[in-house]
file start23.csv (CSV, C-alpha atoms and all ligand atoms)
chain,number,residue,atom,x,y,z
A,49,MET,CA,15.8,-25.7,12.4
A,50,SER,CA,12.7,-23.5,12.7
A,51,LYS,CA,13.2,-19.9,11.3
A,52,LYS,CA,11.9,-17.0,13.4
A,53,ILE,CA,9.4,-14.7,11.8
A,54,HIS,CA,9.6,-11.2,13.2
A,55,ILE,CA,6.2,-9.7,14.0
A,56,PHE,CA,6.1,-5.9,13.2
A,57,ASP,CA,2.9,-4.5,14.7
A,58,THR,CA,1.5,-1.3,13.1
A,59,THR,CA,-1.8,-1.1,14.9
A,60,LEU,CA,-0.7,2.3,16.3
A,61,ARG,CA,0.3,3.7,12.8
A,62,ASP,CA,-1.4,2.0,9.8
A,63,GLY,CA,-4.2,0.6,12.1
A,64,GLU,CA,-4.9,4.0,13.5
A,65,GLN,CA,-5.5,5.4,10.1
A,66,VAL,CA,-9.0,4.0,10.2
A,67,PRO,CA,-11.5,6.8,10.2
A,68,GLY,CA,-12.9,7.4,13.7
A,69,CYS,CA,-10.3,5.3,15.4
A,70,LYS,CA,-8.0,8.0,16.7
A,71,LEU,CA,-6.3,7.1,20.0
A,72,ASN,CA,-4.9,9.5,22.6
A,73,THR,CA,-1.4,9.1,24.0
A,74,SER,CA,-2.5,7.3,27.2
A,75,GLU,CA,-4.5,4.8,25.1
A,76,LYS,CA,-1.6,4.2,22.8
A,77,LEU,CA,0.7,3.7,25.8
A,78,LEU,CA,-1.6,1.0,27.2
A,79,ILE,CA,-1.7,-0.8,23.8
A,80,ALA,CA,2.1,-0.5,23.3
A,81,ALA,CA,2.8,-1.9,26.7
A,82,GLN,CA,0.5,-4.9,26.1
A,83,LEU,CA,2.1,-5.5,22.6
A,84,ASP,CA,5.5,-5.5,24.2
A,85,THR,CA,4.5,-8.0,26.8
A,86,MET,CA,2.8,-10.2,24.2
A,87,GLY,CA,6.2,-10.5,22.4
A,88,VAL,CA,5.9,-8.4,19.2
A,89,ASP,CA,9.4,-7.7,17.8
A,90,VAL,CA,8.7,-4.2,16.5
A,91,ILE,CA,6.0,-1.6,17.4
A,92,GLU,CA,5.4,1.0,14.8
A,93,ALA,CA,4.4,3.8,17.2
A,94,GLY,CA,3.4,6.5,14.8
A,95,PHE,CA,4.3,8.9,12.1
A,96,PRO,CA,6.0,11.7,14.1
A,97,ILE,CA,5.9,14.5,11.5
A,98,SER,CA,2.2,14.0,10.9
A,99,SER,CA,1.1,15.9,14.1
A,100,PRO,CA,2.4,17.1,17.5
A,101,GLY,CA,0.1,14.4,19.1
A,102,ASP,CA,1.7,11.6,17.1
A,103,PHE,CA,5.2,13.0,17.8
A,104,ASN,CA,4.5,13.0,21.5
A,105,SER,CA,3.0,9.5,21.4
A,106,VAL,CA,6.2,8.1,19.8
A,107,VAL,CA,8.3,9.9,22.4
A,108,GLU,CA,6.2,8.5,25.3
A,109,ILE,CA,6.0,4.9,23.8
A,110,SER,CA,9.8,5.0,23.3
A,111,LYS,CA,10.2,5.6,27.0
A,112,ILE,CA,8.1,2.7,28.2
A,113,VAL,CA,8.8,-0.1,25.7
A,114,LYS,CA,11.3,-2.6,27.2
A,115,ASN,CA,11.8,-5.4,24.7
A,116,ALA,CA,10.5,-4.4,21.3
A,117,THR,CA,12.1,-2.2,18.7
A,118,VAL,CA,10.2,1.1,18.5
A,119,CYS,CA,9.7,2.4,15.0
A,120,GLY,CA,8.7,5.8,13.6
A,121,LEU,CA,7.5,6.3,10.0
A,122,SER,CA,8.7,9.0,7.7
A,123,ARG,CA,8.6,9.8,4.0
A,124,ALA,CA,11.8,10.1,2.1
A,125,VAL,CA,11.9,13.7,3.2
A,126,GLU,CA,14.7,15.3,5.3
A,127,LYS,CA,12.4,17.0,7.8
A,128,ASP,CA,10.3,13.8,8.3
A,129,ILE,CA,13.5,11.7,8.9
A,130,LYS,CA,14.9,14.2,11.4
A,131,THR,CA,11.6,14.5,13.2
A,132,ALA,CA,11.3,10.7,13.5
A,133,ALA,CA,14.9,10.5,14.8
A,134,GLU,CA,14.1,13.2,17.4
A,135,ALA,CA,10.8,11.4,18.5
A,136,LEU,CA,12.7,8.1,18.9
A,137,ARG,CA,15.5,9.5,21.0
A,138,TYR,CA,14.5,7.6,24.2
A,139,ALA,CA,13.9,4.2,22.5
A,140,LYS,CA,16.1,1.4,23.7
A,141,PHE,CA,16.0,-0.1,20.2
A,142,PRO,CA,15.0,2.7,17.7
A,143,ARG,CA,14.2,2.1,14.0
A,144,ILE,CA,13.4,4.7,11.4
A,145,HIS,CA,11.0,3.5,8.7
A,146,THR,CA,11.4,5.6,5.6
A,147,GLY,CA,10.5,5.1,1.9
A,148,ILE,CA,8.9,6.2,-1.3
A,149,GLY,CA,6.5,5.0,-4.0
A,150,THR,CA,8.2,2.8,-6.6
A,151,SER,CA,5.4,1.8,-9.0
A,152,ASP,CA,5.1,3.8,-12.3
A,153,CYS,CA,1.7,4.9,-11.1
A,154,HIS,CA,3.2,6.5,-8.0
A,155,ILE,CA,6.3,7.8,-9.7
A,156,GLN,CA,4.4,9.5,-12.5
A,157,LYS,CA,1.2,10.6,-10.8
A,158,LYS,CA,2.4,11.3,-7.2
A,159,PHE,CA,5.9,12.5,-7.7
A,160,ASN,CA,6.0,13.5,-11.4
A,161,ALA,CA,9.5,12.1,-11.3
A,162,THR,CA,11.7,9.5,-13.2
A,163,ARG,CA,12.7,6.1,-11.9
A,164,GLU,CA,16.3,7.3,-11.5
A,165,GLN,CA,15.2,10.2,-9.4
A,166,ILE,CA,13.2,7.8,-7.2
A,167,ILE,CA,16.3,5.6,-6.6
A,168,GLU,CA,18.3,8.8,-5.7
A,169,ARG,CA,15.7,9.9,-3.2
A,170,ALA,CA,15.5,6.4,-1.7
A,171,VAL,CA,19.2,6.1,-1.2
A,172,GLY,CA,19.4,9.7,0.2
A,173,ALA,CA,16.7,8.9,2.7
A,174,VAL,CA,18.3,5.7,3.9
A,175,LYS,CA,21.7,7.4,4.3
A,176,LEU,CA,20.2,10.3,6.2
A,177,ALA,CA,18.2,7.9,8.5
A,178,LYS,CA,21.4,5.9,9.0
A,179,SER,CA,23.2,9.0,10.3
A,180,PHE,CA,20.7,8.9,13.3
A,181,VAL,CA,20.1,5.2,14.0
A,182,GLU,CA,21.7,1.9,13.0
A,183,ASP,CA,18.3,0.2,12.3
A,184,VAL,CA,16.7,1.6,9.1
A,185,GLU,CA,13.8,0.0,7.3
A,186,PHE,CA,13.1,1.1,3.8
A,187,TYR,CA,9.6,0.7,2.3
A,188,ALA,CA,9.0,0.6,-1.5
A,189,GLU,CA,5.4,1.9,-1.5
A,190,ASP,CA,3.1,0.2,-3.9
A,191,ALA,CA,5.7,-2.5,-4.4
A,192,GLY,CA,2.8,-4.8,-5.2
A,193,ARG,CA,2.3,-3.0,-8.5
A,194,THR,CA,6.0,-2.3,-9.1
A,195,ASP,CA,7.6,-4.3,-11.8
A,196,ASN,CA,10.0,-6.8,-10.3
A,197,GLU,CA,13.1,-5.8,-12.2
A,198,PHE,CA,12.9,-2.1,-11.2
A,199,LEU,CA,11.9,-3.1,-7.6
A,200,ALA,CA,15.1,-5.2,-7.4
A,201,LYS,CA,17.1,-2.2,-8.5
A,202,VAL,CA,15.6,0.0,-5.8
A,203,ILE,CA,16.1,-2.6,-3.2
A,204,GLN,CA,19.7,-3.3,-4.3
A,205,ALA,CA,20.4,0.4,-4.0
A,206,VAL,CA,19.0,0.8,-0.5
A,207,VAL,CA,20.6,-2.4,0.8
A,208,HIS,CA,23.9,-1.0,-0.5
A,209,ALA,CA,23.1,2.3,1.3
A,210,GLY,CA,22.7,0.5,4.7
A,211,ALA,CA,19.0,-0.5,5.1
A,212,THR,CA,18.7,-3.3,7.6
A,213,VAL,CA,15.1,-4.2,6.6
A,214,VAL,CA,13.4,-3.9,3.2
A,215,ASN,CA,9.7,-3.6,3.3
A,216,ILE,CA,7.8,-4.7,0.1
A,217,PRO,CA,4.3,-3.3,0.7
A,218,ASP,CA,1.3,-4.4,-1.3
A,219,THR,CA,-0.1,-1.0,-0.5
A,220,THR,CA,-3.3,-1.4,-2.6
A,221,GLY,CA,-4.0,-5.0,-1.8
A,222,TYR,CA,-3.6,-5.8,-5.5
A,223,CYS,CA,-1.4,-9.0,-5.6
A,224,MET,CA,-2.5,-12.6,-5.7
A,225,PRO,CA,-0.6,-14.9,-3.2
A,226,HIS,CA,1.4,-16.6,-6.0
A,227,GLU,CA,2.4,-13.2,-7.4
A,228,TYR,CA,3.4,-11.7,-4.1
A,229,GLY,CA,5.3,-14.8,-3.2
A,230,ALA,CA,7.1,-14.7,-6.6
A,231,LYS,CA,8.0,-11.1,-6.0
A,232,ILE,CA,9.7,-11.9,-2.7
A,233,ARG,CA,11.4,-14.9,-4.4
A,234,TYR,CA,12.6,-12.6,-7.2
A,235,LEU,CA,14.2,-10.2,-4.7
A,236,VAL,CA,15.8,-13.1,-2.8
A,237,GLU,CA,17.4,-14.3,-6.1
A,238,ASN,CA,18.3,-11.0,-7.7
A,239,VAL,CA,19.5,-8.6,-5.0
A,240,LYS,CA,23.1,-9.0,-3.8
A,241,GLY,CA,23.4,-9.0,0.0
A,242,ILE,CA,19.7,-9.4,0.6
A,243,GLU,CA,20.5,-12.4,2.8
A,244,ASN,CA,22.0,-10.0,5.3
A,245,VAL,CA,18.8,-7.9,5.8
A,246,HIS,CA,15.2,-8.7,6.7
A,247,ILE,CA,12.6,-8.8,4.0
A,248,SER,CA,9.3,-7.6,5.3
A,249,ALA,CA,5.8,-8.3,4.0
A,250,HIS,CA,3.3,-5.5,4.4
A,251,CYS,CA,-0.1,-6.4,2.9
A,252,HIS,CA,-3.4,-4.6,2.6
A,253,ASN,CA,-6.7,-6.5,2.5
A,254,ASP,CA,-8.6,-4.9,-0.5
A,255,LEU,CA,-9.3,-8.3,-2.0
A,256,GLY,CA,-9.3,-10.2,1.3
A,257,LEU,CA,-5.9,-11.6,0.5
A,258,ALA,CA,-3.6,-9.8,3.1
A,259,THR,CA,-3.1,-12.8,5.3
A,260,ALA,CA,-2.6,-15.3,2.4
A,261,ASN,CA,-0.2,-12.9,0.8
A,262,SER,CA,1.8,-12.5,4.0
A,263,ILE,CA,2.1,-16.2,4.4
A,264,ALA,CA,3.1,-16.6,0.7
A,265,ALA,CA,5.9,-14.0,1.4
A,266,VAL,CA,7.1,-16.0,4.4
A,267,GLU,CA,7.2,-19.2,2.3
A,268,ASN,CA,9.3,-17.4,-0.2
A,269,GLY,CA,11.9,-15.8,2.1
A,270,ALA,CA,10.3,-12.9,4.1
A,271,THR,CA,11.4,-12.9,7.7
A,272,GLN,CA,9.2,-10.1,9.0
A,273,VAL,CA,5.4,-9.6,8.7
A,274,GLU,CA,3.8,-6.3,9.3
A,275,CYS,CA,0.3,-6.5,10.7
A,276,THR,CA,-2.3,-5.1,13.0
A,277,ILE,CA,-4.5,-6.4,15.8
A,278,ASN,CA,-7.9,-7.4,14.3
A,279,GLY,CA,-6.6,-6.5,10.8
A,280,LEU,CA,-7.4,-2.8,11.4
A,281,GLY,CA,-6.1,-0.4,8.8
A,282,GLU,CA,-6.7,1.8,5.8
A,283,ARG,CA,-9.7,0.9,3.7
A,284,ALA,CA,-10.2,-2.9,4.1
A,285,GLY,CA,-7.4,-3.1,6.6
A,286,ASN,CA,-4.0,-4.7,7.0
A,287,THR,CA,-2.9,-8.3,7.6
A,288,ALA,CA,-4.4,-9.5,10.9
A,289,LEU,CA,-1.6,-10.3,13.4
A,290,GLU,CA,-3.6,-13.0,15.1
A,291,GLU,CA,-4.2,-14.8,11.8
A,292,VAL,CA,-0.5,-14.8,10.7
A,293,VAL,CA,0.7,-15.9,14.2
A,294,MET,CA,-1.8,-18.8,14.4
A,295,ILE,CA,-1.2,-20.0,10.9
A,296,ILE,CA,2.5,-20.1,11.6
A,297,ASP,CA,1.8,-21.8,15.0
A,298,ASN,CA,-0.8,-24.2,13.6
A,299,ARG,CA,0.4,-25.1,10.1
A,300,LYS,CA,4.0,-24.2,9.9
A,301,LYS,CA,5.4,-25.6,13.1
A,302,GLY,CA,8.9,-26.8,12.8
A,303,GLN,CA,9.5,-24.7,9.8
A,304,PHE,CA,8.7,-21.2,11.2
A,305,HIS,CA,7.9,-19.7,14.6
A,306,THR,CA,7.1,-16.3,16.2
A,307,ASP,CA,7.8,-15.1,19.7
A,308,ILE,CA,4.1,-14.2,20.3
A,309,GLN,CA,2.4,-15.4,23.5
A,310,THR,CA,-0.6,-16.6,21.7
A,311,ARG,CA,-2.7,-16.9,24.9
A,312,MET,CA,-2.8,-13.1,25.0
A,313,LEU,CA,-4.4,-12.8,21.5
A,314,ARG,CA,-8.0,-12.6,22.5
A,315,GLY,CA,-7.4,-10.1,25.3
A,316,MET,CA,-5.3,-8.0,23.0
A,317,SER,CA,-8.0,-8.0,20.4
A,318,GLN,CA,-10.6,-6.9,22.9
A,319,MET,CA,-8.4,-4.2,24.2
A,320,VAL,CA,-7.8,-2.7,20.8
A,321,SER,CA,-11.4,-3.1,19.8
A,322,GLN,CA,-12.6,-1.2,22.9
A,323,LYS,CA,-10.0,1.6,22.7
A,324,MET,CA,-10.5,2.1,19.0
A,325,CYS,CA,-14.3,1.7,19.2
A,326,MET,CA,-14.2,-0.8,16.4
A,327,MET,CA,-16.3,-3.9,17.0
A,328,VAL,CA,-14.7,-7.2,16.0
A,329,GLN,CA,-17.1,-9.1,13.6
A,330,ALA,CA,-18.4,-12.3,15.4
A,331,ASN,CA,-17.1,-14.6,12.7
A,332,LYS,CA,-13.6,-13.0,12.7
A,333,ALA,CA,-10.9,-15.8,12.6
A,334,ILE,CA,-9.2,-16.5,15.9
A,335,VAL,CA,-10.6,-13.7,18.0
A,336,GLY,CA,-14.3,-13.3,16.9
A,337,ASP,CA,-17.0,-14.2,19.4
A,338,ASN,CA,-18.1,-17.1,17.3
A,339,ALA,CA,-14.5,-18.4,16.4
A,340,PHE,CA,-15.1,-21.3,18.9
A,341,ALA,CA,-18.9,-21.4,19.1
A,342,HIS,CA,-20.8,-24.3,17.7
A,343,SER,CA,-24.5,-24.1,17.0
A,344,SER,CA,-25.5,-26.8,14.6
A,345,GLY,CA,-26.6,-30.2,16.0
A,346,ILE,CA,-24.1,-32.2,13.9
A,347,HIS,CA,-21.1,-30.0,15.0
A,348,GLN,CA,-22.2,-29.8,18.6
A,349,ASP,CA,-22.5,-33.6,18.9
A,350,GLY,CA,-19.0,-33.9,17.4
A,351,VAL,CA,-17.4,-31.3,19.7
A,352,ILE,CA,-19.0,-32.7,22.8
A,353,LYS,CA,-17.6,-36.1,21.9
A,354,SER,CA,-14.2,-34.7,21.0
A,355,ARG,CA,-13.2,-31.1,20.5
A,356,GLU,CA,-10.9,-31.9,17.6
A,357,THR,CA,-13.8,-33.0,15.4
A,358,TYR,CA,-14.6,-29.4,14.5
A,359,GLU,CA,-11.8,-27.3,16.0
A,360,ILE,CA,-8.2,-27.1,14.7
A,361,ILE,CA,-7.1,-24.7,17.5
A,362,ASP,CA,-7.5,-25.3,21.2
A,363,PRO,CA,-9.3,-22.1,22.3
A,364,LYS,CA,-7.1,-21.9,25.4
A,365,ASP,CA,-4.1,-21.4,23.1
A,366,VAL,CA,-5.5,-18.0,22.0
A,367,GLY,CA,-6.9,-17.0,25.4
A,368,VAL,CA,-10.5,-18.2,25.0
A,369,ASP,CA,-11.5,-20.3,28.1
A,370,VAL,CA,-13.8,-22.9,26.4
A,371,SER,CA,-15.5,-23.6,23.2
A,372,SER,CA,-19.2,-22.7,23.5
A,373,ILE,CA,-22.2,-24.7,22.6
A,374,VAL,CA,-24.9,-22.3,21.5
A,375,LEU,CA,-28.4,-23.5,21.8
A,376,THR,CA,-30.6,-22.7,18.7
A,377,ALA,CA,-33.3,-24.5,16.8
A,378,ARG,CA,-30.5,-26.2,14.9
A,379,SER,CA,-29.2,-27.8,18.1
A,380,GLY,CA,-29.7,-31.5,18.9
A,381,ARG,CA,-30.4,-33.5,22.1
A,382,SER,CA,-26.8,-33.9,23.0
A,383,ALA,CA,-26.2,-30.2,23.1
A,384,LEU,CA,-29.2,-29.6,25.2
A,385,ALA,CA,-28.2,-32.4,27.6
A,386,TYR,CA,-24.6,-31.0,27.8
A,387,ARG,CA,-25.8,-27.4,28.5
A,388,ALA,CA,-28.3,-28.6,31.1
A,389,LYS,CA,-25.6,-30.7,32.8
A,390,ASN,CA,-23.4,-27.6,33.0
A,391,ILE,CA,-26.0,-25.9,35.1
A,392,GLY,CA,-26.6,-28.9,37.3
A,393,ILE,CA,-29.5,-30.6,35.6
A,394,ASN,CA,-28.9,-34.2,34.7
A,395,LEU,CA,-31.6,-35.5,32.4
A,396,THR,CA,-32.4,-39.1,31.8
A,397,LYS,CA,-32.9,-40.2,28.2
A,398,VAL,CA,-36.7,-40.2,28.6
A,399,GLU,CA,-36.6,-36.8,30.3
A,400,LEU,CA,-34.4,-35.4,27.5
A,401,ASP,CA,-36.9,-36.5,24.9
A,402,GLN,CA,-39.7,-34.7,26.7
A,403,VAL,CA,-37.8,-31.6,27.3
A,404,TYR,CA,-36.4,-31.5,23.8
A,405,ALA,CA,-39.8,-31.1,22.2
A,406,GLU,CA,-40.5,-28.0,24.4
A,407,PHE,CA,-37.0,-26.7,23.8
A,408,LEU,CA,-37.6,-26.7,20.0
A,409,GLU,CA,-40.8,-24.7,20.5
A,410,VAL,CA,-38.9,-22.1,22.5
A,411,ALA,CA,-35.9,-22.1,20.1
A,412,ASP,CA,-38.1,-21.5,17.1
A,413,ARG,CA,-39.3,-18.3,18.9
A,414,LYS,CA,-35.9,-17.1,20.1
A,415,LYS,CA,-32.6,-16.6,18.4
A,416,GLU,CA,-30.7,-18.3,21.2
A,417,VAL,CA,-31.8,-20.4,24.2
A,418,ASN,CA,-30.0,-19.4,27.4
A,419,ASN,CA,-29.5,-21.0,30.8
A,420,ASP,CA,-32.5,-19.3,32.3
A,421,ASP,CA,-34.6,-20.6,29.4
A,422,ILE,CA,-33.3,-24.2,30.0
A,423,LYS,CA,-34.4,-24.0,33.7
A,424,ILE,CA,-37.8,-22.7,32.8
A,425,ILE,CA,-38.3,-25.4,30.1
A,426,VAL,CA,-37.2,-28.2,32.5
A,427,GLU,CA,-39.4,-26.9,35.2
A,428,LYS,CA,-42.4,-26.6,32.9
A,429,VAL,CA,-42.0,-30.1,31.4
A,430,LEU,CA,-40.7,-32.1,34.3
A,431,SER,CA,-41.7,-30.6,37.6
A,432,PRO,CA,-45.0,-32.5,38.0
A,433,ALA,CA,-43.2,-35.8,37.4
A,434,ARG,CA,-40.2,-34.8,39.6
A,435,ALA,CA,-42.3,-33.3,42.4
A,501,LIG,O1,0.9,0.4,2.8
A,501,LIG,C1,2.0,1.0,2.7
A,501,LIG,O2,2.6,1.1,1.7
A,501,LIG,C2,2.5,1.6,3.9
A,501,LIG,C3,3.8,2.2,3.9
A,501,LIG,C4,3.9,3.6,4.4
A,501,LIG,C5,4.8,1.3,4.7
A,501,LIG,O3,1.8,1.6,4.9
A,502,ZN,ZN,0.2,0.1,4.8
call {"tool": "encode", "arguments": {"input": "start23.csv", "output": "C-alpha cells"}}
result
Amino acid sequence: MSKKIHIFDTTLRDGEQVPGCKLNTSEKLLIAAQLDTMGVDVIEAGFPISSPGDFNSVVEISKIVKNATVCGLSRAVEKDIKTAAEALRYAKFPRIHTGIGTSDCHIQKKFNATREQIIERAVGAVKLAKSFVEDVEFYAEDAGRTDNEFLAKVIQAVVHAGATVVNIPDTTGYCMPHEYGAKIRYLVENVKGIENVHISAHCHNDLGLATANSIAAVENGATQVECTINGLGERAGNTALEEVVMIIDNRKKGQFHTDIQTRMLRGMSQMVSQKMCMMVQANKAIVGDNAFAHSSGIHQDGVIKSRETYEIIDPKDVGVDVSSIVLTARSGRSALAYRAKNIGINLTKVELDQVYAEFLEVADRKKEVNNDDIKIIVEKVLSPARA
C-alpha cells in the first residue's frame, strides 16, 4: 500500500526569512488559504515571539485555516513556547514546533553548553509545549552535522517526553543524499518508539541537494517533508515543495503519495513569487517559465509528434495549459509550420521551404520569433503568389 508523505509548508516562516521578502498579514492570509486549499498537511505560519507582526499573522492564519495543522515556531525557551501557544489558540489543529541545536558546533559555539544540558533543555521544551497542545514537533537544529549516536539519544529523549514529530534539519545544507538517508535510517533503527511518531526531513539547499536529500529521507523512513514554494528560504533556500511533490507523483507512485492538488502548483508558485517580489528563474523545475518550453529543432519536432518524447510530466498536471514551442534560430521547419497553423496559416511544403529561409534571417536578428513576426514573414514571402 502506498504510504502518505505529509507536506509541511514553511514558506511563511523559513521562506519568509529571505532578505527583502517580508509579507504583511493580509498577504500571508492569502497564501495560507491557498496552501490549505492545495492540500498541504501543515502550514508553519510564523515564529510568534519574533515580532508582534509575526504573532498577529499566526493568530489570523489560525482563524482561517480549515484543514491543515497550523504550526508556530519557538526556541527551547519558556517565553517562546508560551507565546507560540498563545498565538495558536484559535487553530483547529495547533502544533508547537520547538527545538535546539544538537551539533557540537552549535552546542559549544552557540550555547556554551554540554550535550547533557542540551538533552535536558530539549526534554523540558517538549514537556512544556505538551502542556499547551497535543501535537508537538521537536527540531534538532543542525542535525545534518550532528553525530548519529548523539542525535539518536536526543531524539529518544524527546520521543519519550511526548514529541509527535521529530524534525531532523540539515540546517546548513551540508549532507550528501546517502548520508542524510543513512541518518534517517539510523534513527529508525536505533530509537525506541520512533515508529509511533513522524520523522520529518527539513533540508537547506546550500549545495543544491535539498530536494535530493528530502527524497533520500523519504526512502529511508521519513513521513513528513518540510519545504517552501519555489524553494524560497535562508541563503540558497529550502527544499522546493513542487519538486518533492512531483518526484513522488512521477517516480514513486504506488510506493508513496501526497495529498497535494498538483494542478495548483504553477498558480501557487506565481502567487508566492508576486507577493514576495522574488522572480522564479525561467529554468526552475516544474514551475519555471521554460519548464515546458521547447526551442531546439530536434526537441520541437519530437514534441510535435508526441509530447512524451521530451516531457516526463504532462504540463496540465501542474497547472500549465500547454507545452510551448518557442521559435528561435535553432527551430526547424516543423516548429514553424506548427506555430503558423496555430494562428490559422496552413503552409504547403513548398511554401514552408520559402518561408523558412526568411524566418531564419529574422530569427538570427531576434531572440524569439513571435506570432506577429510569423504573419509579417508569410505576408512578405508569399503574398505575391497567394494574391
Ligand atoms: O533549518 C533549520 O534548522 C530550521 C529549524 C528552526 C527548524 O529552520
Ligand atoms: Zn530551516
call {"tool": "atom_distance", "arguments": {"input": "start23.csv", "atom1": "atom CA of A:Val374", "atom2": "atom CA of A:Ser344"}}
result
8.3 Å
call {"tool": "residues_near_ligand", "arguments": {"input": "start23.csv", "ligand": "ligand LIG 501 (chain A)", "cutoff": "7 Å", "atoms": "all atoms listed in the file", "output": "list in words"}}
result
Asp62, Tyr187, Glu189, Asp190, Pro217, Asp218, Thr219, His250, Cys251 and His252 of chain A
call {"tool": "write_last_selection", "arguments": {"input": "start23.csv", "atoms": "C-alpha atoms", "output": "PDB file, keeping the file's coordinate frame"}}
result
ATOM      1  CA  ASP A  62      -1.400   2.000   9.800  1.00  0.00           C
ATOM      2  CA  TYR A 187       9.600   0.700   2.300  1.00  0.00           C
ATOM      3  CA  GLU A 189       5.400   1.900  -1.500  1.00  0.00           C
ATOM      4  CA  ASP A 190       3.100   0.200  -3.900  1.00  0.00           C
ATOM      5  CA  PRO A 217       4.300  -3.300   0.700  1.00  0.00           C
ATOM      6  CA  ASP A 218       1.300  -4.400  -1.300  1.00  0.00           C
ATOM      7  CA  THR A 219      -0.100  -1.000  -0.500  1.00  0.00           C
ATOM      8  CA  HIS A 250       3.300  -5.500   4.400  1.00  0.00           C
ATOM      9  CA  CYS A 251      -0.100  -6.400   2.900  1.00  0.00           C
ATOM     10  CA  HIS A 252      -3.400  -4.600   2.600  1.00  0.00           C
TER      11      HIS A 252
END
call {"tool": "closest_residue", "arguments": {"input": "start23.csv", "among": "A:Asn278, A:Ser74, A:Ser372, A:Thr310", "to": "A:Met326", "atoms": "only C-alpha atoms"}}
result
A:Asn278
call {"tool": "atom_distance", "arguments": {"input": "start23.csv", "atom1": "atom CA of A:Lys140", "atom2": "atom CA of A:Leu289"}}
result
23.6 Å
call {"tool": "closest_atom_pairs", "arguments": {"input": "start23.csv", "of": "chain A", "to": "ligand ZN 502 (chain A)", "cutoff": "12 Å", "atoms": "all atoms listed in the file", "output": "Markdown table"}}
result
| residue | atom | partner | partner_atom | distance |
| --- | --- | --- | --- | --- |
| A:Phe56 | CA | A:ZN502 | ZN | 11.9 |
| A:Asp57 | CA | A:ZN502 | ZN | 11.2 |
| A:Thr58 | CA | A:ZN502 | ZN | 8.5 |
| A:Thr59 | CA | A:ZN502 | ZN | 10.4 |
| A:Leu60 | CA | A:ZN502 | ZN | 11.7 |
| A:Arg61 | CA | A:ZN502 | ZN | 8.8 |
| A:Asp62 | CA | A:ZN502 | ZN | 5.6 |
| A:Gly63 | CA | A:ZN502 | ZN | 8.5 |
| A:Glu64 | CA | A:ZN502 | ZN | 10.8 |
| A:Gln65 | CA | A:ZN502 | ZN | 9.4 |
| A:Val66 | CA | A:ZN502 | ZN | 11.4 |
| A:Glu92 | CA | A:ZN502 | ZN | 11.3 |
| A:Leu121 | CA | A:ZN502 | ZN | 10.9 |
| A:His145 | CA | A:ZN502 | ZN | 12.0 |
| A:Gly147 | CA | A:ZN502 | ZN | 11.8 |
| A:Gly149 | CA | A:ZN502 | ZN | 11.9 |
| A:Tyr187 | CA | A:ZN502 | ZN | 9.7 |
| A:Ala188 | CA | A:ZN502 | ZN | 10.8 |
| A:Glu189 | CA | A:ZN502 | ZN | 8.4 |
| A:Asp190 | CA | A:ZN502 | ZN | 9.2 |
| A:Ala191 | CA | A:ZN502 | ZN | 11.0 |
| A:Gly192 | CA | A:ZN502 | ZN | 11.4 |
| A:Asn215 | CA | A:ZN502 | ZN | 10.3 |
| A:Ile216 | CA | A:ZN502 | ZN | 10.1 |
| A:Pro217 | CA | A:ZN502 | ZN | 6.7 |
| A:Asp218 | CA | A:ZN502 | ZN | 7.7 |
| A:Thr219 | CA | A:ZN502 | ZN | 5.4 |
| A:Thr220 | CA | A:ZN502 | ZN | 8.3 |
| A:Gly221 | CA | A:ZN502 | ZN | 9.3 |
| A:Ser248 | CA | A:ZN502 | ZN | 11.9 |
| A:Ala249 | CA | A:ZN502 | ZN | 10.1 |
| A:His250 | CA | A:ZN502 | ZN | 6.4 |
| A:Cys251 | CA | A:ZN502 | ZN | 6.8 |
| A:His252 | CA | A:ZN502 | ZN | 6.3 |
| A:Asn253 | CA | A:ZN502 | ZN | 9.8 |
| A:Asp254 | CA | A:ZN502 | ZN | 11.4 |
| A:Ala258 | CA | A:ZN502 | ZN | 10.7 |
| A:Val273 | CA | A:ZN502 | ZN | 11.7 |
| A:Glu274 | CA | A:ZN502 | ZN | 8.6 |
| A:Cys275 | CA | A:ZN502 | ZN | 8.9 |
| A:Thr276 | CA | A:ZN502 | ZN | 10.0 |
| A:Gly279 | CA | A:ZN502 | ZN | 11.2 |
| A:Leu280 | CA | A:ZN502 | ZN | 10.5 |
| A:Gly281 | CA | A:ZN502 | ZN | 7.5 |
| A:Glu282 | CA | A:ZN502 | ZN | 7.2 |
| A:Arg283 | CA | A:ZN502 | ZN | 10.0 |
| A:Ala284 | CA | A:ZN502 | ZN | 10.8 |
| A:Gly285 | CA | A:ZN502 | ZN | 8.4 |
| A:Asn286 | CA | A:ZN502 | ZN | 6.7 |
| A:Thr287 | CA | A:ZN502 | ZN | 9.4 |
call {"tool": "residues_around", "arguments": {"input": "start23.csv", "residues": "A:Ala264", "least_positions_apart": "3", "cutoff": "7 Å", "atoms": "all atoms listed in the file", "output": "list of chain:residue names"}}
result
A:Pro225, A:His226, A:Tyr228, A:Gly229, A:Ala260, A:Asn261, A:Glu267, A:Asn268
call {"tool": "atom_distance", "arguments": {"input": "start23.csv", "atom1": "atom CA of A:Asp369", "atom2": "atom CA of A:Gln329"}}
result
19.2 Å
call {"tool": "closest_residue", "arguments": {"input": "start23.csv", "among": "A:Ser151, A:Asn394, A:Thr131, A:Gln303", "to": "A:Ser99", "atoms": "all atoms listed in the file"}}
result
A:Thr131
call {"tool": "closest_residue", "arguments": {"input": "start23.csv", "among": "A:Glu126, A:Ile232, A:Gly302, A:Asp337", "to": "A:Arg314", "atoms": "all atoms listed in the file"}}
result
A:Asp337
call {"tool": "closest_residue", "arguments": {"input": "start23.csv", "among": "A:Val426, A:Ile391, A:Met86, A:Cys153", "to": "A:Val113", "atoms": "all atoms listed in the file"}}
result
A:Met86
call {"tool": "residues_around", "arguments": {"input": "start23.csv", "residues": "A:Leu375", "least_positions_apart": "3", "cutoff": "7 Å", "atoms": "all atoms listed in the file", "output": "ChimeraX atom specification"}}
result
/A:343,379,416-417
call {"tool": "write_last_selection", "arguments": {"input": "start23.csv", "atoms": "C-alpha atoms", "output": "mmCIF file, in the frame of the given file"}}
result
data_model
loop_
_atom_site.group_PDB
_atom_site.id
_atom_site.type_symbol
_atom_site.label_atom_id
_atom_site.label_comp_id
_atom_site.auth_asym_id
_atom_site.auth_seq_id
_atom_site.Cartn_x
_atom_site.Cartn_y
_atom_site.Cartn_z
ATOM 1 C CA SER A 343 -24.500 -24.100 17.000
ATOM 2 C CA SER A 379 -29.200 -27.800 18.100
ATOM 3 C CA GLU A 416 -30.700 -18.300 21.200
ATOM 4 C CA VAL A 417 -31.800 -20.400 24.200
#
